[in-house]
Amino acid sequence: MRLRKLIQNGLFFFIITTSLQAQFAPGVNWKKLESDHFTLIFPEEIEEQARSVLQRAEEVYRRELVDFGKARESRWPLILTNSSMDSNGYVTLAPRKSVWYGTPAAESLSSLGWYDLLTLHETRHMVQMDYMNQGFIRFLYFFGGELGLTAGIHLSVPSWYLEGDAVAAETRYSEGGRGRDPLFYNQMRVLTLDEDFSYQKFVNRSYKHFIPNQYAFGYFLASYIRREYGEESWNRILKTTAVLPLPAFGLYLGAKRVTGKSWTILFRDMMKELKEQWTAEEEALVLIDNEPILKGHPGEYTSYETIFADDSILLARKLSLTEPPVLVQISLKDGMEETLFRVSSQGGISSNGHSVAWTWIRSSALHLYQNWSDLVLLNLSSGKKTYLTRKARYLFPAYSKEGDRLAVVNWLTDLNGEIHILNAETGDILDSFPVPPGLFPAYPSWSEDDQTLYFTLQGEEGRSIASLDLEDGRVTILQDFSMETVKRVTPWKDYLLFGSNASGYENIMALDLRTGTKYQVSSRPYGVQYPYASDSDPLIYYSDTRDLSGNTIVRQDLIPDSWTPVEDDAFVPYSLEGEWTIHDLSESREEGEIEISDIQDYSLFSGKFNLHSWGISPNLESLTGLRFQVQSTDVMETMNWAAGGEYEINEKTWGSFLDVDWVQYYPVISFKNSSFYRTISDVDLWDVSSLLGLSFPMNLKRDIWHYYINPGVSSGLKAFLPVDGQEPEHYFPVNTGFAAYALLPGSLRAIHPLWGVWQSGGTSMNPSRMDDFYQVYTMTTLYTPGLFRNNSLTLNLSFEDQSGQYSLRFPFARGYESRTDFRTLKSSADYDFPLFYPDLAGGSFFYIQRVRGSFFYDFLRQESRDGSNRSFQSTGVELNLDMTLANQVLVPFSLGFRFIWLLDEQRPAFQLIFINAAL
């Protein structure tokens, strides 16, 4: 039995590459607390906040459980992290857990305290999932564990319900949920009053129009069903869905059973009700005029954020569907707009007219949940970027009036805040001021004399307006804490101007610093945002939502005598809906009502064996194996392992395997083991393999560019053990691999990155017989812009050199059957372009969002060991439909047709395309 024959029978070995990345940086002293429904895991330095979070989470779980009636209560691992500057929280299964980040979302989500918001929203998701663990979904859990459970839930229950119901819980059980913020749903108001879009368009989204996300749309539809058909309506709908958890169909049957109507009709009923309500409100509204400064109409959805204005020009960050985020300059004389530079789409941004400063998230190269928020400066004259800080935790930069200093919020890992004053050119800290503990400062702005900073403060009691005296460091509360959604404070003379929902709409308010009197400055039907007061003229610039095309920048004269006084008790434009609020849950509750354990050390090692899923799944490496397995992933995701049996479909053989990925430290360690009973060349044998792999994933994102590299190496033992006593054979395969990219994303409509390079390569070999068993390959893809907006030219160059026993690592020339040879060189060019955006629905079966075309050319040349060579050339066109199926908006899908002209054979060929691959 020769090794050559064994390999010729198709036993190939590939490098173990993994995209896994260590979750948390080492060195964290993790602690835990336990209650009936939670195991809370947290860093020691936020111990003070942890107990309060657990107390409220436990109480909210119990109270929200009442909404669903009977559910399969469970204990959820809940992880608090303080090492990320992202503002987020999520609930997931496989493994079951929830992760809450420690940096609040400033002024954009709710006036609730950050952990109060997460408690209401994320705990709702936990109760949703516990309730859905019934019916056939329960059977899926028995069949596949948590992977079966999550498949049943997410395939049958749309994200608009899950997120909309959670936003409804925020709003119903607090005085400050997102449903009380008109800016949260201003685009929903626009589409309700001015358009007539379908239910399918709202569910499946659109490239053509800006559609409110699942949070806003889902909030209104979920609330409408509960209000119109009773408190138990959703429980009955979800119960039917769980019995028949088919995408779109199960939820349809549930709605039919409870309401007698389809979702299309229910959506129309809801929109009719909203239109009547909002039309009546708008008719009663006394509008205050303003003047648009932009010339012409954008036609496509566009959003502007003013960051600087003087006598002649205005600078703004511009976001749109059709182009990437950019900095634009607008002439105040003729309204002409000029694009200056590409900028980040998120984070605070400020300008002094000469430079622009913004924050960007610097990801840890090694750890997923660790990142920083750094400052970058852009010189408007030279276009030069300066990365001012490294691994800082800065937010909301604001230039002083003189332009020589920057005020920033420094968010500490103990979840307390400071305000730093920096040298605007060097980033050196000139001064540091603490803010009261437990409060989050946001968006500082400078007084006219640069002696005072004004900003918002947010905590458990809501949001307030505060000032900081830069001489003595004293923080003064200028407007008391409330659930009013105060946003973007900007000083003008003796007033502070800011966005607010106090009028029932999002408008500009003014606070008189001398008397404390509050006035309403603007009055617009759809909402305004981003106020910016002129330093030289009695003018305010702001973004005014006008219609389907988004907002535009306008100016309004500042005439205090014309402003309308707002009474102190005039706020609370929305009535409470729930029987309790999270504000009722105080620490004065009787001891013993909720039992919480003493604080204990949390051992990362003890959680390594967390069996969460089992069942049948494909082998994603070979694609020809069917696995019967159990899976384990600890909640901190430091180790993943899977074990079981495997059936090799092509060879009709059985075997076993054990795969382990250790990602707690760096590098990532993978250990792959398998054993198969095979018959090769009439010899019955055990094929045993054990491979140890090391990979070094590094996320090197830098501002608007995405950089990533992941080199890896694996080696081990491959043995063939005949059962009849013949001499066994073995060897030690060595494999290397490399993947890297540098990508600049395009617009929301972009088909490919605007610019970028994607590089991968590797080797596979038997060192003892290098000439007979080796493979070396490399693939390079270059992305460049096309001739028109959102067009893309993609160039690809691939090369492989091998001994002849391995499959080709990259696709063959289109239209030809793939074949292997000694040396292969391939080059290709693709030109992709959008044709139109039909937004065409076929009921709930499919929804076509975009039709796109492509021209392509392939050249491939192969050389044999005897020196002979052959070439393959093809060209053609493709037509693809980008769509969703059964309202599964989170699962992108495309179907298309490819016409190919085989240049060497002078004949046509045709292919169907499924998710960009030929069938």
# chains A, B, ... in the order shown; residues from 1 in each chain; ligands from 1

call {"tool": "residues_around", "arguments": {"residues": "Ala22 in chain A", "least_positions_apart": "3", "cutoff": "12 Å", "atoms": "only C-alpha atoms", "output": "PyMOL selection string"}}
result
chain A and resi 18-19+25-26+364-370+636-640+661-669+695-699

call {"tool": "closest_residue", "arguments": {"among": "A:Gln479, A:Gln600, A:Ser534, A:Ser320", "to": "Phe308 in chain A", "atoms": "only C-alpha atoms"}}
result
A:Ser534

call {"tool": "residues_around", "arguments": {"residues": "Ala151 in chain A", "least_positions_apart": "6", "cutoff": "12 Å", "atoms": "only C-alpha atoms", "output": "ChimeraX atom specification"}}
result
/A:92-94,129,132-133,136-141,143-145,157-158,242,245-247,613,888

call {"tool": "atom_distance", "arguments": {"atom1": "CA of Ser871 in chain A", "atom2": "CA of Phe859 in chain A"}}
result
7.3 Å

call {"tool": "select_by_dssp", "arguments": {"residues": "range 608-700 of chain A", "states": "strand (DSSP E or B)", "output": "NGL selection string"}}
result
:A and (611-618 or 625-633 or 639-648 or 653-662 or 668-680 or 683-695 or 698-699)

call {"tool": "residues_around", "arguments": {"residues": "range 896-901 of chain A", "least_positions_apart": "2", "cutoff": "6 Å", "atoms": "only C-alpha atoms", "output": "NGL selection string"}}
result
:A and (874-881 or 903 or 907-913)

call {"tool": "write_last_selection", "arguments": {"atoms": "N, CA, C and O atoms", "output": "PDB file, in the first residue's frame"}}
result
ATOM      1  N   SER A 874     -13.107  33.110 -21.484  1.00  0.00           N
ATOM      2  CA  SER A 874     -14.551  33.271 -21.600  1.00  0.00           C
ATOM      3  C   SER A 874     -14.927  34.707 -21.257  1.00  0.00           C
ATOM      4  O   SER A 874     -14.209  35.394 -20.515  1.00  0.00           O
ATOM      5  N   THR A 875     -16.021  35.142 -21.803  1.00  0.00           N
ATOM      6  CA  THR A 875     -16.561  36.463 -21.492  1.00  0.00           C
ATOM      7  C   THR A 875     -18.072  36.354 -21.483  1.00  0.00           C
ATOM      8  O   THR A 875     -18.640  35.367 -21.961  1.00  0.00           O
ATOM      9  N   GLY A 876     -18.729  37.337 -20.908  1.00  0.00           N
ATOM     10  CA  GLY A 876     -20.176  37.242 -20.859  1.00  0.00           C
ATOM     11  C   GLY A 876     -20.806  38.299 -19.992  1.00  0.00           C
ATOM     12  O   GLY A 876     -20.156  39.269 -19.571  1.00  0.00           O
ATOM     13  N   VAL A 877     -22.085  38.095 -19.734  1.00  0.00           N
ATOM     14  CA  VAL A 877     -22.863  39.031 -18.923  1.00  0.00           C
ATOM     15  C   VAL A 877     -23.672  38.246 -17.899  1.00  0.00           C
ATOM     16  O   VAL A 877     -23.982  37.067 -18.092  1.00  0.00           O
ATOM     17  N   GLU A 878     -23.986  38.913 -16.801  1.00  0.00           N
ATOM     18  CA  GLU A 878     -24.813  38.318 -15.760  1.00  0.00           C
ATOM     19  C   GLU A 878     -25.953  39.265 -15.421  1.00  0.00           C
ATOM     20  O   GLU A 878     -25.815  40.492 -15.516  1.00  0.00           O
ATOM     21  N   LEU A 879     -27.060  38.673 -15.006  1.00  0.00           N
ATOM     22  CA  LEU A 879     -28.186  39.436 -14.486  1.00  0.00           C
ATOM     23  C   LEU A 879     -28.590  38.792 -13.167  1.00  0.00           C
ATOM     24  O   LEU A 879     -28.907  37.594 -13.133  1.00  0.00           O
ATOM     25  N   ASN A 880     -28.541  39.560 -12.082  1.00  0.00           N
ATOM     26  CA  ASN A 880     -28.830  39.035 -10.753  1.00  0.00           C
ATOM     27  C   ASN A 880     -29.969  39.793 -10.096  1.00  0.00           C
ATOM     28  O   ASN A 880     -30.084  41.021 -10.245  1.00  0.00           O
ATOM     29  N   LEU A 881     -30.785  39.054  -9.368  1.00  0.00           N
ATOM     30  CA  LEU A 881     -31.845  39.636  -8.556  1.00  0.00           C
ATOM     31  C   LEU A 881     -31.459  39.499  -7.094  1.00  0.00           C
ATOM     32  O   LEU A 881     -31.317  38.384  -6.581  1.00  0.00           O
ATOM     33  N   LEU A 903     -14.508  31.696 -25.649  1.00  0.00           N
ATOM     34  CA  LEU A 903     -13.726  32.261 -26.736  1.00  0.00           C
ATOM     35  C   LEU A 903     -12.893  31.213 -27.455  1.00  0.00           C
ATOM     36  O   LEU A 903     -12.684  31.296 -28.679  1.00  0.00           O
ATOM     37  N   ARG A 907     -18.376  29.097 -28.817  1.00  0.00           N
ATOM     38  CA  ARG A 907     -19.745  28.636 -28.593  1.00  0.00           C
ATOM     39  C   ARG A 907     -20.273  29.244 -27.298  1.00  0.00           C
ATOM     40  O   ARG A 907     -19.505  29.633 -26.424  1.00  0.00           O
ATOM     41  N   PRO A 908     -21.609  29.314 -27.152  1.00  0.00           N
ATOM     42  CA  PRO A 908     -22.178  29.893 -25.931  1.00  0.00           C
ATOM     43  C   PRO A 908     -22.357  28.833 -24.844  1.00  0.00           C
ATOM     44  O   PRO A 908     -22.367  27.627 -25.100  1.00  0.00           O
ATOM     45  N   ALA A 909     -22.508  29.322 -23.626  1.00  0.00           N
ATOM     46  CA  ALA A 909     -22.864  28.472 -22.478  1.00  0.00           C
ATOM     47  C   ALA A 909     -23.754  29.298 -21.562  1.00  0.00           C
ATOM     48  O   ALA A 909     -23.725  30.542 -21.585  1.00  0.00           O
ATOM     49  N   PHE A 910     -24.538  28.599 -20.775  1.00  0.00           N
ATOM     50  CA  PHE A 910     -25.495  29.270 -19.904  1.00  0.00           C
ATOM     51  C   PHE A 910     -25.413  28.657 -18.506  1.00  0.00           C
ATOM     52  O   PHE A 910     -25.204  27.448 -18.358  1.00  0.00           O
ATOM     53  N   GLN A 911     -25.570  29.507 -17.493  1.00  0.00           N
ATOM     54  CA  GLN A 911     -25.535  29.030 -16.107  1.00  0.00           C
ATOM     55  C   GLN A 911     -26.572  29.774 -15.285  1.00  0.00           C
ATOM     56  O   GLN A 911     -26.804  30.971 -15.502  1.00  0.00           O
ATOM     57  N   LEU A 912     -27.171  29.058 -14.340  1.00  0.00           N
ATOM     58  CA  LEU A 912     -27.960  29.703 -13.304  1.00  0.00           C
ATOM     59  C   LEU A 912     -27.032  30.065 -12.159  1.00  0.00           C
ATOM     60  O   LEU A 912     -26.079  29.335 -11.856  1.00  0.00           O
ATOM     61  N   ILE A 913     -27.306  31.201 -11.504  1.00  0.00           N
ATOM     62  CA  ILE A 913     -26.437  31.684 -10.427  1.00  0.00           C
ATOM     63  C   ILE A 913     -27.244  31.742  -9.139  1.00  0.00           C
ATOM     64  O   ILE A 913     -28.340  32.318  -9.098  1.00  0.00           O
TER      65      ILE A 913
END

call {"tool": "residues_around", "arguments": {"residues": "Glu282 in chain A", "least_positions_apart": "3", "cutoff": "12 Å", "atoms": "only C-alpha atoms", "output": "mmCIF file with all heavy atoms, in the first residue's frame"}}
result
data_model
loop_
_atom_site.group_PDB
_atom_site.id
_atom_site.type_symbol
_atom_site.label_atom_id
_atom_site.label_comp_id
_atom_site.auth_asym_id
_atom_site.auth_seq_id
_atom_site.Cartn_x
_atom_site.Cartn_y
_atom_site.Cartn_z
ATOM 1 N N ARG A 189 -43.248 58.778 10.539
ATOM 2 C CA ARG A 189 -44.282 59.810 10.372
ATOM 3 C C ARG A 189 -44.312 60.311 8.925
ATOM 4 O O ARG A 189 -45.388 60.497 8.341
ATOM 5 C CB ARG A 189 -44.022 60.971 11.336
ATOM 6 C CG ARG A 189 -45.112 62.030 11.344
ATOM 7 C CD ARG A 189 -44.685 63.239 12.141
ATOM 8 N NE ARG A 189 -44.621 62.991 13.558
ATOM 9 C CZ ARG A 189 -45.584 63.312 14.439
ATOM 10 N NH1 ARG A 189 -46.693 63.879 13.998
ATOM 11 N NH2 ARG A 189 -45.424 63.068 15.712
ATOM 12 N N VAL A 190 -43.127 60.530 8.338
ATOM 13 C CA VAL A 190 -43.053 61.001 6.944
ATOM 14 C C VAL A 190 -43.734 60.014 6.012
ATOM 15 O O VAL A 190 -44.566 60.391 5.174
ATOM 16 C CB VAL A 190 -41.585 61.201 6.528
ATOM 17 C CG1 VAL A 190 -41.482 61.416 5.019
ATOM 18 C CG2 VAL A 190 -40.971 62.382 7.257
ATOM 19 N N LEU A 193 -47.648 59.861 6.428
ATOM 20 C CA LEU A 193 -48.415 61.009 5.960
ATOM 21 C C LEU A 193 -48.255 61.272 4.469
ATOM 22 O O LEU A 193 -49.186 61.771 3.829
ATOM 23 C CB LEU A 193 -48.011 62.252 6.750
ATOM 24 C CG LEU A 193 -48.344 62.235 8.247
ATOM 25 C CD1 LEU A 193 -47.804 63.486 8.928
ATOM 26 C CD2 LEU A 193 -49.848 62.112 8.473
ATOM 27 N N LEU A 274 -52.622 55.680 12.362
ATOM 28 C CA LEU A 274 -51.537 56.639 12.582
ATOM 29 C C LEU A 274 -51.731 57.883 11.727
ATOM 30 O O LEU A 274 -51.488 59.007 12.187
ATOM 31 C CB LEU A 274 -50.188 55.984 12.259
ATOM 32 C CG LEU A 274 -49.662 54.951 13.245
ATOM 33 C CD1 LEU A 274 -48.364 54.347 12.727
ATOM 34 C CD2 LEU A 274 -49.439 55.570 14.627
ATOM 35 N N LYS A 275 -52.175 57.690 10.488
ATOM 36 C CA LYS A 275 -52.355 58.843 9.609
ATOM 37 C C LYS A 275 -53.440 59.772 10.135
ATOM 38 O O LYS A 275 -53.271 61.004 10.110
ATOM 39 C CB LYS A 275 -52.700 58.367 8.192
ATOM 40 C CG LYS A 275 -52.722 59.483 7.165
ATOM 41 C CD LYS A 275 -52.773 58.942 5.748
ATOM 42 C CE LYS A 275 -52.615 60.066 4.736
ATOM 43 N NZ LYS A 275 -52.549 59.556 3.348
ATOM 44 N N GLU A 276 -54.522 59.218 10.619
ATOM 45 C CA GLU A 276 -55.582 60.050 11.187
ATOM 46 C C GLU A 276 -55.084 60.810 12.403
ATOM 47 O O GLU A 276 -55.363 62.009 12.568
ATOM 48 C CB GLU A 276 -56.779 59.174 11.551
ATOM 49 C CG GLU A 276 -57.510 58.599 10.342
ATOM 50 C CD GLU A 276 -58.602 57.623 10.737
ATOM 51 O OE1 GLU A 276 -58.697 57.291 11.951
ATOM 52 O OE2 GLU A 276 -59.357 57.182 9.848
ATOM 53 N N GLN A 277 -54.350 60.122 13.259
ATOM 54 C CA GLN A 277 -53.842 60.753 14.483
ATOM 55 C C GLN A 277 -52.844 61.850 14.156
ATOM 56 O O GLN A 277 -52.935 62.975 14.667
ATOM 57 C CB GLN A 277 -53.191 59.697 15.369
ATOM 58 C CG GLN A 277 -52.497 60.265 16.601
ATOM 59 C CD GLN A 277 -51.709 59.204 17.356
ATOM 60 O OE1 GLN A 277 -52.006 58.022 17.260
ATOM 61 N NE2 GLN A 277 -50.716 59.631 18.097
ATOM 62 N N TRP A 278 -51.867 61.548 13.285
ATOM 63 C CA TRP A 278 -50.814 62.513 12.994
ATOM 64 C C TRP A 278 -51.315 63.651 12.104
ATOM 65 O O TRP A 278 -50.812 64.772 12.200
ATOM 66 C CB TRP A 278 -49.619 61.794 12.361
ATOM 67 C CG TRP A 278 -48.843 60.983 13.368
ATOM 68 C CD1 TRP A 278 -48.841 61.148 14.719
ATOM 69 C CD2 TRP A 278 -47.971 59.894 13.097
ATOM 70 N NE1 TRP A 278 -48.015 60.233 15.319
ATOM 71 C CE2 TRP A 278 -47.470 59.437 14.351
ATOM 72 C CE3 TRP A 278 -47.572 59.225 11.949
ATOM 73 C CZ2 TRP A 278 -46.576 58.378 14.457
ATOM 74 C CZ3 TRP A 278 -46.678 58.161 12.054
ATOM 75 C CH2 TRP A 278 -46.184 57.748 13.292
ATOM 76 N N THR A 279 -52.285 63.381 11.248
ATOM 77 C CA THR A 279 -52.865 64.462 10.444
ATOM 78 C C THR A 279 -53.569 65.477 11.338
ATOM 79 O O THR A 279 -53.432 66.697 11.153
ATOM 80 C CB THR A 279 -53.841 63.896 9.411
ATOM 81 O OG1 THR A 279 -53.156 63.017 8.524
ATOM 82 C CG2 THR A 279 -54.483 65.012 8.606
ATOM 83 N N LEU A 285 -51.062 72.234 14.421
ATOM 84 C CA LEU A 285 -49.723 72.764 14.663
ATOM 85 C C LEU A 285 -49.559 74.145 14.027
ATOM 86 O O LEU A 285 -49.934 74.367 12.876
ATOM 87 C CB LEU A 285 -48.686 71.797 14.077
ATOM 88 C CG LEU A 285 -47.225 72.038 14.417
ATOM 89 C CD1 LEU A 285 -46.985 71.852 15.901
ATOM 90 C CD2 LEU A 285 -46.349 71.057 13.618
ATOM 91 N N VAL A 286 -49.014 75.071 14.800
ATOM 92 C CA VAL A 286 -48.680 76.398 14.275
ATOM 93 C C VAL A 286 -47.210 76.378 13.892
ATOM 94 O O VAL A 286 -46.321 76.305 14.758
ATOM 95 C CB VAL A 286 -48.955 77.499 15.315
ATOM 96 C CG1 VAL A 286 -48.552 78.859 14.750
ATOM 97 C CG2 VAL A 286 -50.417 77.493 15.728
ATOM 98 N N LEU A 287 -46.929 76.394 12.602
ATOM 99 C CA LEU A 287 -45.567 76.259 12.111
ATOM 100 C C LEU A 287 -44.813 77.578 12.201
ATOM 101 O O LEU A 287 -45.388 78.656 12.091
ATOM 102 C CB LEU A 287 -45.570 75.760 10.672
ATOM 103 C CG LEU A 287 -46.199 74.387 10.418
ATOM 104 C CD1 LEU A 287 -46.151 74.049 8.933
ATOM 105 C CD2 LEU A 287 -45.496 73.322 11.236
ATOM 106 N N GLY A 504 -43.967 67.635 21.999
ATOM 107 C CA GLY A 504 -44.628 66.509 21.337
ATOM 108 C C GLY A 504 -44.020 66.220 19.988
ATOM 109 O O GLY A 504 -44.245 65.160 19.412
ATOM 110 N N TYR A 505 -43.263 67.178 19.460
ATOM 111 C CA TYR A 505 -42.456 67.021 18.254
ATOM 112 C C TYR A 505 -41.012 67.277 18.652
ATOM 113 O O TYR A 505 -40.733 67.853 19.709
ATOM 114 C CB TYR A 505 -42.861 68.019 17.169
ATOM 115 C CG TYR A 505 -44.230 67.790 16.578
ATOM 116 C CD1 TYR A 505 -45.381 68.189 17.258
ATOM 117 C CD2 TYR A 505 -44.367 67.195 15.331
ATOM 118 C CE1 TYR A 505 -46.636 67.982 16.710
ATOM 119 C CE2 TYR A 505 -45.623 66.988 14.777
ATOM 120 C CZ TYR A 505 -46.750 67.386 15.471
ATOM 121 O OH TYR A 505 -47.989 67.175 14.923
ATOM 122 N N SER A 523 -40.878 75.211 15.269
ATOM 123 C CA SER A 523 -42.093 74.391 15.236
ATOM 124 C C SER A 523 -42.206 73.810 13.831
ATOM 125 O O SER A 523 -42.575 74.509 12.885
ATOM 126 C CB SER A 523 -43.335 75.223 15.572
ATOM 127 O OG SER A 523 -44.500 74.424 15.519
ATOM 128 N N ARG A 524 -41.850 72.537 13.705
ATOM 129 C CA ARG A 524 -41.840 71.873 12.417
ATOM 130 C C ARG A 524 -42.590 70.544 12.506
ATOM 131 O O ARG A 524 -42.625 69.916 13.575
ATOM 132 C CB ARG A 524 -40.411 71.625 11.936
ATOM 133 C CG ARG A 524 -39.540 72.872 11.905
ATOM 134 C CD ARG A 524 -40.109 73.960 11.020
ATOM 135 N NE ARG A 524 -40.270 73.502 9.633
ATOM 136 C CZ ARG A 524 -40.994 74.140 8.721
ATOM 137 N NH1 ARG A 524 -41.654 75.247 9.051
ATOM 138 N NH2 ARG A 524 -41.090 73.673 7.502
ATOM 139 N N PRO A 525 -43.191 70.084 11.425
ATOM 140 C CA PRO A 525 -44.093 68.923 11.501
ATOM 141 C C PRO A 525 -43.399 67.579 11.655
ATOM 142 O O PRO A 525 -43.975 66.656 12.236
ATOM 143 C CB PRO A 525 -44.849 68.991 10.175
ATOM 144 C CG PRO A 525 -43.936 69.718 9.241
ATOM 145 C CD PRO A 525 -43.210 70.705 10.092
ATOM 146 N N TYR A 526 -42.171 67.438 11.130
ATOM 147 C CA TYR A 526 -41.532 66.123 11.145
ATOM 148 C C TYR A 526 -40.351 66.024 12.111
ATOM 149 O O TYR A 526 -39.812 64.947 12.316
ATOM 150 C CB TYR A 526 -41.054 65.745 9.742
ATOM 151 C CG TYR A 526 -42.179 65.524 8.767
ATOM 152 C CD1 TYR A 526 -42.152 66.123 7.515
ATOM 153 C CD2 TYR A 526 -43.265 64.732 9.103
ATOM 154 C CE1 TYR A 526 -43.183 65.927 6.608
ATOM 155 C CE2 TYR A 526 -44.301 64.531 8.205
ATOM 156 C CZ TYR A 526 -44.256 65.127 6.963
ATOM 157 O OH TYR A 526 -45.278 64.927 6.085
ATOM 158 N N GLY A 527 -39.930 67.126 12.644
ATOM 159 C CA GLY A 527 -38.831 67.064 13.595
ATOM 160 C C GLY A 527 -37.557 67.685 13.055
ATOM 161 O O GLY A 527 -37.267 67.646 11.856
#

call {"tool": "closest_residue", "arguments": {"among": "A:Glu300, A:Val566, A:Ile553, A:Thr240", "to": "Gly335 in chain A", "atoms": "only C-alpha atoms"}}
result
A:Ile553

call {"tool": "residues_around", "arguments": {"residues": "range 412-418 of chain A", "least_positions_apart": "5", "cutoff": "6 Å", "atoms": "only C-alpha atoms", "output": "PyMOL selection string"}}
result
chain A and resi 45-46+82+433-435+437-438

call {"tool": "closest_residue", "arguments": {"among": "A:Tyr115, A:Gly693, A:Leu430, A:Phe856", "to": "Arg814 in chain A", "atoms": "only C-alpha atoms"}}
result
A:Phe856

call {"tool": "residues_around", "arguments": {"residues": "Ser350 in chain A", "least_positions_apart": "4", "cutoff": "9 Å", "atoms": "only C-alpha atoms", "output": "PyMOL selection string"}}
result
chain A and resi 307-308+355-358+396-399

call {"tool": "closest_residue", "arguments": {"among": "A:Thr426, A:Thr264, A:Thr824, A:Ser482", "to": "Thr386 in chain A", "atoms": "only C-alpha atoms"}}
result
A:Thr426

call {"tool": "closest_residue", "arguments": {"among": "A:Thr171, A:Thr259, A:Thr780, A:Asn735", "to": "Thr794 in chain A", "atoms": "only C-alpha atoms"}}
result
A:Thr780

call {"tool": "atom_distance", "arguments": {"atom1": "CA of Leu717 in chain A", "atom2": "CA of Ser689 in chain A"}}
result
5.8 Å
